[in-house]
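Reproduced below: entry.pdb, with PDB, C-alpha atoms.
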```
ATOM      1  CA  MET W   1      30.021 -54.611 166.829
ATOM      2  CA  LYS W   2      31.735 -54.694 163.446
ATOM      3  CA  LYS W   3      28.358 -55.393 161.823
ATOM      4  CA  ILE W   4      26.856 -52.324 163.432
ATOM      5  CA  ILE W   5      29.739 -50.086 162.257
ATOM      6  CA  PHE W   6      29.478 -51.479 158.736
ATOM      7  CA  ALA W   7      25.718 -50.881 158.672
ATOM      8  CA  CYS W   8      26.260 -47.250 159.766
ATOM      9  CA  ILE W   9      28.838 -46.652 157.023
ATOM     10  CA  MET W  10      26.490 -48.054 154.344
ATOM     11  CA  ALA W  11      23.621 -45.973 155.620
ATOM     12  CA  SER W  12      25.839 -42.881 155.472
ATOM     13  CA  LEU W  13      26.858 -43.626 151.891
ATOM     14  CA  LEU W  14      23.240 -44.085 150.862
ATOM     15  CA  LEU W  15      22.217 -40.771 152.411
ATOM     16  CA  THR W  16      25.079 -39.002 150.630
ATOM     17  CA  GLY W  17      23.994 -40.435 147.253
ATOM     18  CA  CYS W  18      20.402 -39.327 147.779
ATOM     19  CA  LYS W  19      21.494 -35.777 148.559
ATOM     20  CA  GLN W  20      23.568 -35.643 145.376
ATOM     21  CA  ASP W  21      20.667 -36.936 143.227
ATOM     22  CA  SER W  22      18.206 -34.495 144.688
ATOM     23  CA  PRO W  23      19.900 -31.248 143.375
ATOM     24  CA  GLY W  24      20.326 -32.828 139.974
ATOM     25  CA  HIS W  25      16.659 -33.620 139.745
ATOM     26  CA  SER W  26      15.795 -30.102 140.806
ATOM     27  CA  THR W  27      18.014 -28.680 138.048
ATOM     28  CA  ASN W  28      16.264 -30.742 135.401
ATOM     29  CA  ASN W  29      12.859 -29.622 136.605
ATOM     30  CA  SER W  30      14.026 -26.030 136.559
ATOM     31  CA  LYS W  31      15.260 -26.372 132.994
ATOM     32  CA  GLN W  32      11.942 -27.893 131.895
ATOM     33  CA  SER W  33      10.002 -25.147 133.689
ATOM     34  CA  ASN W  34      12.108 -22.446 132.021
ATOM     35  CA  SER W  35      11.566 -24.096 128.645
ATOM     36  CA  VAL W  36       7.765 -24.201 129.086
ATOM     37  CA  SER W  37       7.736 -20.609 130.334
ATOM     38  CA  SER W  38       9.790 -19.491 127.333
ATOM     39  CA  THR W  39       7.411 -21.286 124.999
ATOM     40  CA  ILE W  40       4.400 -19.576 126.588
ATOM     41  CA  VAL W  41       6.019 -16.131 126.383
ATOM     42  CA  THR W  42       7.024 -16.678 122.770
ATOM     43  CA  SER W  43       3.484 -17.787 121.882
ATOM     44  CA  GLU W  44       1.992 -14.731 123.603
ATOM     45  CA  THR W  45       4.452 -12.411 121.837
ATOM     46  CA  THR W  46       3.633 -13.936 118.459
ATOM     47  CA  SER W  47      -0.094 -13.565 119.178
ATOM     48  CA  VAL W  48       0.309  -9.897 120.130
ATOM     49  CA  THR W  49       2.445  -9.204 117.066
ATOM     50  CA  THR W  50      -0.081 -10.918 114.793
ATOM     51  CA  SER W  51      -2.921  -8.921 116.378
ATOM     52  CA  GLU W  52      -1.069  -5.615 115.932
ATOM     53  CA  THR W  53      -0.303  -6.436 112.298
ATOM     54  CA  SER W  54      -3.968  -7.283 111.661
ATOM     55  CA  ASP W  55      -5.072  -3.992 113.260
ATOM     56  CA  THR W  56      -2.570  -2.055 111.118
ATOM     57  CA  ILE W  57      -3.841  -3.695 107.921
ATOM     58  CA  SER W  58      -7.452  -2.972 108.917
ATOM     59  CA  GLN W  59      -6.680   0.700 109.614
ATOM     60  CA  THR W  60      -4.778   1.072 106.341
ATOM     61  CA  THR W  61      -7.662  -0.473 104.381
ATOM     62  CA  ALA W  62     -10.249   1.716 106.110
ATOM     63  CA  GLU W  63      -8.253   4.880 105.481
ATOM     64  CA  GLU W  64      -7.763   4.314 101.739
ATOM     65  CA  PRO W  65      -9.229   7.351  99.920
ATOM     66  CA  VAL W  66     -12.207   6.832  97.652
ATOM     67  CA  SER W  67     -11.615   8.120  94.122
ATOM     68  CA  THR W  68     -13.963  10.911  93.082
ATOM     69  CA  ALA W  69     -12.477  11.466  89.624
ATOM     70  CA  PRO W  70     -15.072  12.045  86.885
ATOM     71  CA  SER W  71     -15.829   9.259  84.470
ATOM     72  CA  SER W  72     -13.600   9.166  81.422
ATOM     73  CA  THR W  73     -16.716   8.518  79.311
ATOM     74  CA  SER W  74     -18.147  11.916  80.086
ATOM     75  CA  ASP W  75     -18.848  14.074  77.103
ATOM     76  CA  SER W  76     -16.176  16.762  76.753
ATOM     77  CA  SER W  77     -18.256  18.894  74.387
ATOM     78  CA  GLN W  78     -20.445  21.675  75.749
ATOM     79  CA  GLU W  79     -24.031  20.628  76.319
ATOM     80  CA  GLN W  80     -26.450  22.184  73.832
ATOM     81  CA  VAL W  81     -29.592  23.835  75.188
ATOM     82  CA  THR W  82     -32.876  22.996  73.459
ATOM     83  CA  ASP W  83     -34.930  26.161  72.865
ATOM     84  CA  THR W  84     -38.334  25.205  71.486
ATOM     85  CA  VAL W  85     -41.166  27.615  70.735
ATOM     86  CA  SER W  86     -44.816  26.612  71.129
ATOM     87  CA  GLN W  87     -47.654  27.922  68.946
ATOM     88  CA  ASN W  88     -49.534  28.875  72.103
ATOM     89  CA  GLU W  89     -46.857  31.428  73.000
ATOM     90  CA  PHE W  90     -48.108  33.914  70.379
ATOM     91  CA  GLY W  91     -51.754  32.949  70.336
ATOM     92  CA  GLY W  92     -51.617  31.533  66.822
ATOM     93  CA  TYR W  93     -50.803  34.882  65.232
ATOM     94  CA  ALA W  94     -47.572  36.927  65.210
ATOM     95  CA  THR W  95     -45.982  39.521  62.925
ATOM     96  CA  PHE W  96     -42.261  40.231  62.749
ATOM     97  CA  TYR W  97     -41.071  43.555  61.306
ATOM     98  CA  PHE W  98     -37.868  44.145  59.315
ATOM     99  CA  THR W  99     -35.718  47.255  59.273
ATOM    100  CA  GLY W 100     -33.345  48.228  56.459
ATOM    101  CA  MET W 101     -33.247  48.196  52.680
ATOM    102  CA  ASN W 102     -34.017  45.378  50.227
ATOM    103  CA  VAL W 103     -35.876  43.313  52.810
ATOM    104  CA  PRO W 104     -39.593  42.577  53.273
ATOM    105  CA  ASP W 105     -41.586  44.932  55.464
ATOM    106  CA  SER W 106     -42.827  42.052  57.625
ATOM    107  CA  ILE W 107     -43.542  38.354  57.895
ATOM    108  CA  ASN W 108     -46.795  37.203  59.461
ATOM    109  CA  ILE W 109     -47.152  33.762  61.052
ATOM    110  CA  ASN W 110     -50.687  32.383  61.381
ATOM    111  CA  THR W 111     -50.779  28.929  62.966
ATOM    112  CA  ASN W 112     -54.602  28.909  62.924
ATOM    113  CA  SER W 113     -54.679  28.799  59.118
ATOM    114  CA  ASN W 114     -51.122  27.450  58.674
ATOM    115  CA  GLN W 115     -50.279  30.408  56.456
ATOM    116  CA  LEU W 116     -47.084  32.464  56.268
ATOM    117  CA  THR W 117     -47.389  35.930  54.660
ATOM    118  CA  PHE W 118     -44.518  37.984  53.231
ATOM    119  CA  ASP W 119     -45.467  41.655  53.047
ATOM    120  CA  GLY W 120     -43.125  43.401  50.644
ATOM    121  CA  GLY W 121     -44.788  46.804  50.911
ATOM    122  CA  THR W 122     -46.681  46.305  47.672
ATOM    123  CA  SER W 123     -50.389  46.204  47.114
ATOM    124  CA  GLN W 124     -50.410  42.440  47.299
ATOM    125  CA  ALA W 125     -48.564  40.177  49.736
ATOM    126  CA  THR W 126     -47.308  36.672  49.008
ATOM    127  CA  VAL W 127     -48.912  33.893  51.052
ATOM    128  CA  TYR W 128     -47.504  30.384  51.570
ATOM    129  CA  ALA W 129     -48.633  27.291  53.402
ATOM    130  CA  PHE W 130     -46.222  26.328  56.145
ATOM    131  CA  SER W 131     -45.647  23.983  59.049
ATOM    132  CA  MET W 132     -43.943  24.514  62.384
ATOM    133  CA  GLN W 133     -41.740  21.732  63.721
ATOM    134  CA  ASN W 134     -39.078  20.985  66.286
ATOM    135  CA  VAL W 135     -35.696  19.953  64.900
ATOM    136  CA  PRO W 136     -32.354  18.911  66.442
ATOM    137  CA  VAL W 137     -30.519  21.828  68.031
ATOM    138  CA  LYS W 138     -28.721  23.893  65.405
ATOM    139  CA  THR W 139     -26.223  26.701  65.954
ATOM    140  CA  ILE W 140     -26.619  29.696  63.622
ATOM    141  CA  ARG W 141     -25.138  33.170  63.303
ATOM    142  CA  VAL W 142     -27.425  36.211  63.148
ATOM    143  CA  PHE W 143     -27.172  39.970  62.753
ATOM    144  CA  SER W 144     -28.831  41.286  65.912
ATOM    145  CA  ALA W 145     -32.032  43.247  65.390
ATOM    146  CA  ASN W 146     -31.086  46.134  67.680
ATOM    147  CA  ASN W 147     -27.480  46.918  66.732
ATOM    148  CA  HIS W 148     -26.731  44.604  63.769
ATOM    149  CA  ASP W 149     -23.840  43.008  65.674
ATOM    150  CA  MET W 150     -23.149  39.398  64.791
ATOM    151  CA  ARG W 151     -23.806  36.765  67.426
ATOM    152  CA  THR W 152     -24.351  33.012  67.718
ATOM    153  CA  VAL W 153     -27.650  31.474  68.858
ATOM    154  CA  GLN W 154     -29.016  27.949  69.173
ATOM    155  CA  VAL W 155     -32.370  27.189  67.564
ATOM    156  CA  SER W 156     -34.613  24.121  67.472
ATOM    157  CA  THR W 157     -37.960  25.386  66.082
ATOM    158  CA  GLN W 158     -38.164  25.645  62.299
ATOM    159  CA  LEU W 159     -40.807  27.066  59.993
ATOM    160  CA  VAL W 160     -41.009  24.966  56.815
ATOM    161  CA  ILE W 161     -42.452  26.868  53.842
ATOM    162  CA  GLY W 162     -44.782  24.860  51.630
ATOM    163  CA  SER W 163     -46.741  25.637  48.503
ATOM    164  CA  GLN W 164     -47.596  29.195  47.421
ATOM    165  CA  ILE W 165     -51.226  30.129  47.986
ATOM    166  CA  SER W 166     -51.466  33.629  46.537
ATOM    167  CA  GLY W 167     -49.575  36.787  45.582
ATOM    168  CA  PRO W 168     -46.603  37.485  43.347
ATOM    169  CA  THR W 169     -43.969  34.805  43.091
ATOM    170  CA  ILE W 170     -40.743  35.667  44.877
ATOM    171  CA  SER W 171     -37.789  33.529  43.949
ATOM    172  CA  ASN W 172     -36.177  31.312  46.598
ATOM    173  CA  HIS W 173     -38.758  32.037  49.335
ATOM    174  CA  GLN W 174     -39.955  28.446  49.314
ATOM    175  CA  THR W 175     -36.432  27.176  49.960
ATOM    176  CA  ASP W 176     -35.795  29.586  52.828
ATOM    177  CA  GLU W 177     -35.102  28.311  56.325
ATOM    178  CA  LEU W 178     -36.833  30.302  59.070
ATOM    179  CA  TYR W 179     -36.328  29.743  62.802
ATOM    180  CA  LEU W 180     -38.083  30.937  65.941
ATOM    181  CA  PHE W 181     -36.162  31.341  69.214
ATOM    182  CA  HIS W 182     -36.366  33.154  72.543
ATOM    183  CA  ASN W 183     -34.228  36.261  72.903
ATOM    184  CA  LYS W 184     -32.575  37.625  76.061
ATOM    185  CA  GLN W 185     -35.393  40.118  76.566
ATOM    186  CA  GLY W 186     -37.860  37.265  77.014
ATOM    187  CA  GLY W 187     -39.598  37.800  73.671
ATOM    188  CA  LEU W 188     -39.589  35.876  70.412
ATOM    189  CA  SER W 189     -37.203  36.421  67.530
ATOM    190  CA  LEU W 190     -37.488  35.210  63.955
ATOM    191  CA  ALA W 191     -34.316  34.329  62.063
ATOM    192  CA  THR W 192     -34.555  34.735  58.273
ATOM    193  CA  PRO W 193     -32.061  34.701  55.424
ATOM    194  CA  ASN W 194     -30.292  37.993  54.775
ATOM    195  CA  TYR W 195     -32.504  39.177  51.928
ATOM    196  CA  ALA W 196     -30.357  42.283  51.385
ATOM    197  CA  GLY W 197     -27.321  40.104  50.575
ATOM    198  CA  ASN W 198     -24.817  42.953  51.036
ATOM    199  CA  VAL W 199     -22.226  40.959  53.006
ATOM    200  CA  PRO W 200     -18.782  39.460  52.233
ATOM    201  CA  GLU W 201     -18.497  35.811  51.251
ATOM    202  CA  ASP W 202     -17.528  34.602  54.751
ATOM    203  CA  GLN W 203     -20.833  35.984  56.120
ATOM    204  CA  GLN W 204     -23.194  34.480  53.561
ATOM    205  CA  ASP W 205     -24.556  32.104  56.222
ATOM    206  CA  VAL W 206     -25.405  34.891  58.698
ATOM    207  CA  MET W 207     -29.163  35.324  59.125
ATOM    208  CA  ILE W 208     -31.209  38.381  60.145
ATOM    209  CA  GLU W 209     -32.916  38.601  63.535
ATOM    210  CA  VAL W 210     -36.419  40.085  63.259
ATOM    211  CA  LEU W 211     -38.535  41.158  66.246
ATOM    212  CA  GLN W 212     -42.290  41.449  66.795
TER     213      GLN W 212
END
```

I'd like the structure from this file rewritten - as C-alpha cells, please.
Amino acid sequence: MKKIIFACIMASLLLTGCKQDSPGHSTNNSKQSNSVSSTIVTSETTSVTTSETSDTISQTTAEEPVSTAPSSTSDSSQEQVTDTVSQNEFGGYATFYFTGMNVPDSININTNSNQLTFDGGTSQATVYAFSMQNVPVKTIRVFSANNHDMRTVQVSTQLVIGSQISGPTISNHQTDELYLFHNKQGGLSLATPNYAGNVPEDQQDVMIEVLQ
C-alpha cells in the first residue's frame, strides 16, 4: 500500500513539472516568432523606403530642365548681307546719270567690250578699260540720289578702272572706286566719288549715288 501511495505522489510531481515547463517553452517560441516577424516587417519597410527613394530620384532626374541658352561662341556682331550684282542684270550695257554741278553728265558701263565711259558733256568722252568683280562686303556712306540725304549701304560688287583707251585725261579717275548695288526701289545704283568735293572734312569719304 505504501508503495502505491509513493508511486502516486511521484507521478503527481512529474505531471506538475511538465505543466510548468510547457508554458516556458511556449513563451520562448512566442519570443522567437515575434523576433522573426519584426525582422520581416523591418525588411519590408526598408524595401519600400528604398523603392520610394529610387522613384523620387528618377522623377527629379526626368524633370530637370534642358538648357536652351544660346552658345557663348555666337557672333555678337550684326550679320552683313552680301549684295552682288551680275552683268546679266543690265544686259551688258547700262548708263548712270548725274545731277548737280562739277560732276560728269553720265557714266556708261559696257560689259560686252569691258569699257567704262565718262561723259563730261564735252565733244569727246574719256574711255577706260575696266573689270567687274565681287569683293568682301564693305559698308560705305552715300549721298542719296533723290534727296541728297546721307545714308549707309553695304556693297560687294566693285568696278575696277584699268588703262585709258581714249579721250582727254582726267586726273584721279583711274584710282576711283566705283560700286554697284541694289537700291530699295529694286533698281541698280552706282556709287562714285563725290566729284564736286564741296563737303566738310568729316564727309570726304561720302560717295554719290547715281541712278540709271

Neighbouring residues of Gly92 in chain W were defined as those with any atom within 8 Å, considering all atoms listed in the file; residues of the same chain fewer than 4 positions away were excluded. Please report them as a count of residues only.
6

Using all atoms listed in the file, the best pick from W:Thr99, W:Phe118, W:Asn108, W:Tyr128 as closest to Gln164 in chain W would be W:Tyr128

For the file shown, what are the residues hit by the PyMOL selection byres ((chain W and resi 176-183) around 8), laid out as a PyMOL selection string? chain W and resi 83-85+154-161+172-175+184-193

Taking the file as shown, find all residues satisfying the PyMOL selection byres ((chain W and resi 98) around 9) and write them as a list in words.
->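 After applying the PyMOL selection byres ((chain W and resi 98) around 9), what remains is Phe96, Tyr97, Thr99, Gly100, Val103, Pro104, Asp105, Ser106, Ile107, Ala145, Ile208, Glu209, Val210 and Leu211 of chain W.
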
| So how many Å separate CA of Gln115 in chain W and CA of Lys138 in chain W, to one decimal? |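 Result for CA of Gln115 in chain W versus CA of Lys138 in chain W: 24.2 Å, one decimal.
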
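In this structure, CA of Thr169 in chain W sits 15.1 Å away from CA of Tyr195 in chain W.
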
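In this structure, CA of Phe90 in chain W sits 25.0 Å away from CA of Gly167 in chain W.
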
As a check of understanding, name the residues that the PyMOL selection byres ((chain W and resi 143) around 7) selects in the supplied structure, as a PyMOL selection string. chain W and resi 142+144-145+148-151+206-209
